[in-house]
Each structure stands twice: as structure tokens, then as C-alpha cells.
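Notes follow the structure.
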Amino acid sequence: MNAETPYKTAKEYLAAVKDKQCKDRQSGQCLMGGTGSAQEDQILTIQLGKPSPGPSSPTCPSRGGEVCVNLVGKHVDSTVNNPIECASHWKAGKVRPLAVFDTARLTVAEWKDIPTVKEALGVDVSYLMLRGISARRTCPRTRSTGTSPS
């Protein structure tokens with residue numbers, strides 16, 4: 001959440017979404033920012049019980065780090081993103097994390113007080129950001145030390 005909003009909890013914000021109470025938007029609709037439609041941001045939002053994007057809950061797609069910039073600039077009302085993408089804005093007091101999509105709270109000291117989605121909303125939704133390593137087919141094999149062959 002943008003830190004200037006009145007919403008301090010995920011429940012408060014989702015109630016505003018349901019009641020179309022986002023004051024800065026035409027007809028009170030809340031705008032969710034994410035990296036694209038039919039991707040994890042939108043899927044997770046739908047799993048929270050928020051209406052699916054469309055006339056009642058439009059989605060504004062952006063690229064990775066732009067999502068949080070759009071939240072800070074009030075171009076969107078909420079986001080679902082990696083914590084690190086918004087960390088500098090959070091430390092600067094510009095955004096407010098409401099919940100994490102994990103089975104337990106994060107153990108990093110500055111993140112430990114942020115509830116899980118299950119704690120915040122009673123909805124058992126978690127998400128693991130999968131990453132892989134890819135290389136071009138012509139990439140030289142490396143030694144076990146991780147260095148390129150000489």
C-alpha cells in the first residue's frame with residue numbers, strides 16, 4: 001500500500017476494494033498493479049478473494065521494478081510483488097507492506113512483523129517464486145569452481 005492511504009491491514013484494504021472505496025479512482029474502483037495479466041500477481045490477487053480484474057477491479061500491468069514506482073506515484077492502489085522490489089520505498093516510508101505470501105513470517109529482522117496472508121486474512125495462500133538458471137547452448141562448460149575454462 002502507498003503509506004499515505006488509511007489502510008493499515010490487508011483486511012481494511014480488501015474491504016475498501018469490495019465496497020469500491022478507493023477515493024482517488026473513478027467510481028471508487030481500486031486499481032491493482034502487477035507485472036501482467038494472467039500472471040502470478042493477478043492469480044494471487046484473485047486467490048485472496050478480491051474480484052477478478054475487469055470492470056470491478058482493473059489491473060495495470062508494468063515491468064518488474066516499475067510496479068512499486070507506480071504504487072509510490074499513486075498510479076495504482078495496491079501491488080503484489082517481491083519484497084525486495086519495494087524495499088527501498090518501504091525504508092523511505094513511501095509504502096506499507098500488509099502481508100507476505102509465505103507459510104511463515106519472514107525471518108529477516110526488519111520483515112518479521114509483517115503477517116502472512118493466512119494470519120492477515122485467514123486465507124491459506126502462499127507462493128514460492130521459482131527461479132532457474134539458463135544459458136545459451138554454445139556456452140562453454142565450467143569447472144566445479146564456477147570459473148570459465150582457460
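Ordering of the C-alpha cells sets the chain letters (A, B, ...); residue numbers start at 1 within each chain; ligands are numbered from 1 in the order shown.
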Exercise. Counting only C-alpha atoms, what is within 6 Å of segment 94-109 of chain A, bar same-chain residues fewer than 5 positions away, as JSON, numbers by chain?
Worked result: {"A": [1, 2, 3, 9, 10, 89, 114, 115, 116, 117, 126, 127]}
Those same residues - C-alpha atoms - I'd like them written as a tab-separated table (two decimals), in the first residue's frame.
chain	number	residue	atom	x	y	z
A	1	MET	CA	0.00	0.00	0.00
A	2	ASN	CA	1.05	3.56	-0.52
A	3	ALA	CA	1.91	4.74	3.00
A	9	THR	CA	-4.15	-4.03	7.35
A	10	ALA	CA	-4.91	-6.33	4.44
A	89	HIS	CA	10.48	2.63	-0.89
A	114	ILE	CA	4.68	-8.48	8.62
A	115	PRO	CA	1.94	-11.14	8.90
A	116	THR	CA	1.43	-13.94	6.43
A	117	VAL	CA	-1.66	-13.80	4.23
A	126	SER	CA	1.36	-18.91	-0.20
A	127	TYR	CA	3.66	-18.52	-3.17
Problem set entry | Contacts of Glu4 of chain A at 12 Å (only C-alpha atoms; same-chain gap of 5+ positions) as a PyMOL selection string | chain A and resi 24+71-74+77+90+93-96
Exercise. From the list A:Val125, A:Glu110, A:Ser78, A:Ala87, which residue is nearest Tyr7 of chain A when using only C-alpha atoms?
Worked result: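 Nearest to Tyr7 of chain A: A:Ser78.
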For this session: Mind giving me the straight-line distance from atom CA of Val80 of chain A to atom CA of Leu48 of chain A in Å, one decimal?
Result: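 Atom-to-atom, atom CA of Val80 of chain A to atom CA of Leu48 of chain A, that is 11.1 Å.
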For this session: Just give me the gap between atom CA of Lys20 of chain A and atom CA of Ile46 of chain A in Å, one decimal is fine.
Result: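 If I compute the distance from atom CA of Lys20 of chain A to atom CA of Ile46 of chain A, I get 16.1 Å.
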Could you find all residues in segment 32-143 of chain A that DSSP calls alpha helix (DSSP H) from the backbone, and write them as a PDB file with N, CA, C and O atoms, in the first residue's frame?
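The result, stored in selection.pdb:
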ATOM      1  N   GLU A  40       1.378 -14.389 -12.017  1.00  0.00           N
ATOM      2  CA  GLU A  40       1.242 -14.655 -10.583  1.00  0.00           C
ATOM      3  C   GLU A  40       0.638 -13.500  -9.804  1.00  0.00           C
ATOM      4  O   GLU A  40      -0.130 -13.718  -8.875  1.00  0.00           O
ATOM      5  N   ASP A  41       0.937 -12.259 -10.152  1.00  0.00           N
ATOM      6  CA  ASP A  41       0.377 -11.124  -9.411  1.00  0.00           C
ATOM      7  C   ASP A  41      -1.146 -11.150  -9.461  1.00  0.00           C
ATOM      8  O   ASP A  41      -1.824 -11.008  -8.447  1.00  0.00           O
ATOM      9  N   GLN A  42      -1.686 -11.319 -10.648  1.00  0.00           N
ATOM     10  CA  GLN A  42      -3.134 -11.345 -10.811  1.00  0.00           C
ATOM     11  C   GLN A  42      -3.739 -12.616 -10.209  1.00  0.00           C
ATOM     12  O   GLN A  42      -4.767 -12.560  -9.544  1.00  0.00           O
ATOM     13  N   ILE A  43      -3.080 -13.740 -10.388  1.00  0.00           N
ATOM     14  CA  ILE A  43      -3.587 -15.009  -9.847  1.00  0.00           C
ATOM     15  C   ILE A  43      -3.651 -14.955  -8.324  1.00  0.00           C
ATOM     16  O   ILE A  43      -4.650 -15.352  -7.718  1.00  0.00           O
ATOM     17  N   LEU A  44      -2.592 -14.448  -7.691  1.00  0.00           N
ATOM     18  CA  LEU A  44      -2.586 -14.328  -6.226  1.00  0.00           C
ATOM     19  C   LEU A  44      -3.676 -13.383  -5.742  1.00  0.00           C
ATOM     20  O   LEU A  44      -4.331 -13.635  -4.733  1.00  0.00           O
ATOM     21  N   THR A  45      -3.874 -12.294  -6.452  1.00  0.00           N
ATOM     22  CA  THR A  45      -4.907 -11.337  -6.075  1.00  0.00           C
ATOM     23  C   THR A  45      -6.282 -11.989  -6.124  1.00  0.00           C
ATOM     24  O   THR A  45      -7.089 -11.824  -5.212  1.00  0.00           O
ATOM     25  N   ILE A  46      -6.530 -12.758  -7.155  1.00  0.00           N
ATOM     26  CA  ILE A  46      -7.813 -13.453  -7.280  1.00  0.00           C
ATOM     27  C   ILE A  46      -7.976 -14.456  -6.140  1.00  0.00           C
ATOM     28  O   ILE A  46      -9.053 -14.580  -5.556  1.00  0.00           O
ATOM     29  N   GLN A  47      -6.902 -15.152  -5.786  1.00  0.00           N
ATOM     30  CA  GLN A  47      -6.980 -16.138  -4.706  1.00  0.00           C
ATOM     31  C   GLN A  47      -7.297 -15.504  -3.351  1.00  0.00           C
ATOM     32  O   GLN A  47      -7.804 -16.167  -2.460  1.00  0.00           O
ATOM     33  N   GLU A  66       9.029  -1.343 -11.889  1.00  0.00           N
ATOM     34  CA  GLU A  66       8.106  -0.224 -12.108  1.00  0.00           C
ATOM     35  C   GLU A  66       6.831  -0.363 -11.288  1.00  0.00           C
ATOM     36  O   GLU A  66       6.147   0.622 -11.030  1.00  0.00           O
ATOM     37  N   VAL A  67       6.502  -1.580 -10.898  1.00  0.00           N
ATOM     38  CA  VAL A  67       5.269  -1.816 -10.154  1.00  0.00           C
ATOM     39  C   VAL A  67       5.250  -0.990  -8.873  1.00  0.00           C
ATOM     40  O   VAL A  67       4.278  -0.297  -8.578  1.00  0.00           O
ATOM     41  N   CYS A  68       6.321  -1.021  -8.117  1.00  0.00           N
ATOM     42  CA  CYS A  68       6.371  -0.268  -6.858  1.00  0.00           C
ATOM     43  C   CYS A  68       6.457   1.238  -7.113  1.00  0.00           C
ATOM     44  O   CYS A  68       5.879   2.020  -6.370  1.00  0.00           O
ATOM     45  N   VAL A  69       7.141   1.633  -8.157  1.00  0.00           N
ATOM     46  CA  VAL A  69       7.205   3.053  -8.514  1.00  0.00           C
ATOM     47  C   VAL A  69       5.793   3.564  -8.802  1.00  0.00           C
ATOM     48  O   VAL A  69       5.419   4.666  -8.391  1.00  0.00           O
ATOM     49  N   ASN A  70       4.987   2.748  -9.493  1.00  0.00           N
ATOM     50  CA  ASN A  70       3.600   3.135  -9.767  1.00  0.00           C
ATOM     51  C   ASN A  70       2.777   3.228  -8.492  1.00  0.00           C
ATOM     52  O   ASN A  70       1.883   4.062  -8.387  1.00  0.00           O
ATOM     53  N   LEU A  71       3.079   2.385  -7.515  1.00  0.00           N
ATOM     54  CA  LEU A  71       2.388   2.454  -6.224  1.00  0.00           C
ATOM     55  C   LEU A  71       2.764   3.731  -5.482  1.00  0.00           C
ATOM     56  O   LEU A  71       1.900   4.441  -4.973  1.00  0.00           O
ATOM     57  N   VAL A  72       4.037   4.043  -5.445  1.00  0.00           N
ATOM     58  CA  VAL A  72       4.501   5.267  -4.785  1.00  0.00           C
ATOM     59  C   VAL A  72       3.888   6.492  -5.457  1.00  0.00           C
ATOM     60  O   VAL A  72       3.472   7.435  -4.784  1.00  0.00           O
ATOM     61  N   PRO A  83       9.249  -8.663  -2.189  1.00  0.00           N
ATOM     62  CA  PRO A  83       9.567  -7.647  -1.180  1.00  0.00           C
ATOM     63  C   PRO A  83      10.761  -6.772  -1.554  1.00  0.00           C
ATOM     64  O   PRO A  83      10.718  -5.563  -1.346  1.00  0.00           O
ATOM     65  N   ILE A  84      11.786  -7.345  -2.136  1.00  0.00           N
ATOM     66  CA  ILE A  84      12.986  -6.570  -2.453  1.00  0.00           C
ATOM     67  C   ILE A  84      12.714  -5.488  -3.500  1.00  0.00           C
ATOM     68  O   ILE A  84      13.381  -4.463  -3.525  1.00  0.00           O
ATOM     69  N   GLU A  85      11.696  -5.687  -4.348  1.00  0.00           N
ATOM     70  CA  GLU A  85      11.367  -4.690  -5.370  1.00  0.00           C
ATOM     71  C   GLU A  85      10.857  -3.393  -4.749  1.00  0.00           C
ATOM     72  O   GLU A  85      10.891  -2.349  -5.386  1.00  0.00           O
ATOM     73  N   CYS A  86      10.346  -3.477  -3.539  1.00  0.00           N
ATOM     74  CA  CYS A  86       9.776  -2.302  -2.878  1.00  0.00           C
ATOM     75  C   CYS A  86      10.538  -1.919  -1.613  1.00  0.00           C
ATOM     76  O   CYS A  86      10.152  -0.979  -0.924  1.00  0.00           O
ATOM     77  N   ALA A  87      11.600  -2.635  -1.285  1.00  0.00           N
ATOM     78  CA  ALA A  87      12.300  -2.436  -0.011  1.00  0.00           C
ATOM     79  C   ALA A  87      12.789  -1.006   0.190  1.00  0.00           C
ATOM     80  O   ALA A  87      12.616  -0.440   1.263  1.00  0.00           O
ATOM     81  N   SER A  88      13.373  -0.408  -0.829  1.00  0.00           N
ATOM     82  CA  SER A  88      13.893   0.955  -0.654  1.00  0.00           C
ATOM     83  C   SER A  88      12.760   1.949  -0.424  1.00  0.00           C
ATOM     84  O   SER A  88      12.898   2.883   0.369  1.00  0.00           O
ATOM     85  N   HIS A  89      11.630   1.739  -1.084  1.00  0.00           N
ATOM     86  CA  HIS A  89      10.480   2.635  -0.892  1.00  0.00           C
ATOM     87  C   HIS A  89       9.869   2.432   0.494  1.00  0.00           C
ATOM     88  O   HIS A  89       9.394   3.374   1.117  1.00  0.00           O
ATOM     89  N   TRP A  90       9.892   1.190   0.988  1.00  0.00           N
ATOM     90  CA  TRP A  90       9.389   0.910   2.331  1.00  0.00           C
ATOM     91  C   TRP A  90      10.286   1.566   3.369  1.00  0.00           C
ATOM     92  O   TRP A  90       9.810   2.236   4.284  1.00  0.00           O
ATOM     93  N   LYS A  91      11.593   1.419   3.208  1.00  0.00           N
ATOM     94  CA  LYS A  91      12.531   2.034   4.153  1.00  0.00           C
ATOM     95  C   LYS A  91      12.422   3.550   4.145  1.00  0.00           C
ATOM     96  O   LYS A  91      12.664   4.207   5.153  1.00  0.00           O
ATOM     97  N   VAL A 117      -0.301 -13.984   4.742  1.00  0.00           N
ATOM     98  CA  VAL A 117      -1.658 -13.795   4.234  1.00  0.00           C
ATOM     99  C   VAL A 117      -2.645 -14.590   5.087  1.00  0.00           C
ATOM    100  O   VAL A 117      -3.737 -14.109   5.394  1.00  0.00           O
ATOM    101  N   LYS A 118      -2.243 -15.785   5.509  1.00  0.00           N
ATOM    102  CA  LYS A 118      -3.132 -16.601   6.344  1.00  0.00           C
ATOM    103  C   LYS A 118      -3.421 -15.903   7.667  1.00  0.00           C
ATOM    104  O   LYS A 118      -4.558 -15.883   8.141  1.00  0.00           O
ATOM    105  N   GLU A 119      -2.394 -15.300   8.280  1.00  0.00           N
ATOM    106  CA  GLU A 119      -2.607 -14.568   9.533  1.00  0.00           C
ATOM    107  C   GLU A 119      -3.465 -13.325   9.301  1.00  0.00           C
ATOM    108  O   GLU A 119      -4.343 -13.002  10.108  1.00  0.00           O
ATOM    109  N   ALA A 120      -3.194 -12.612   8.227  1.00  0.00           N
ATOM    110  CA  ALA A 120      -3.850 -11.328   7.969  1.00  0.00           C
ATOM    111  C   ALA A 120      -5.291 -11.469   7.500  1.00  0.00           C
ATOM    112  O   ALA A 120      -6.131 -10.646   7.831  1.00  0.00           O
ATOM    113  N   LEU A 121      -5.556 -12.524   6.710  1.00  0.00           N
ATOM    114  CA  LEU A 121      -6.867 -12.643   6.072  1.00  0.00           C
ATOM    115  C   LEU A 121      -7.586 -13.953   6.350  1.00  0.00           C
ATOM    116  O   LEU A 121      -8.742 -14.106   5.958  1.00  0.00           O
TER     117      LEU A 121
END
Problem set entry | Of the listed residues A:Lys18, A:Ala92, A:Gln39, A:Cys30, that which approaches Val76 of chain A most closely, counting only C-alpha atoms |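 Comparing A:Lys18, A:Ala92, A:Gln39, A:Cys30 against Val76 of chain A, the winner is A:Cys30.
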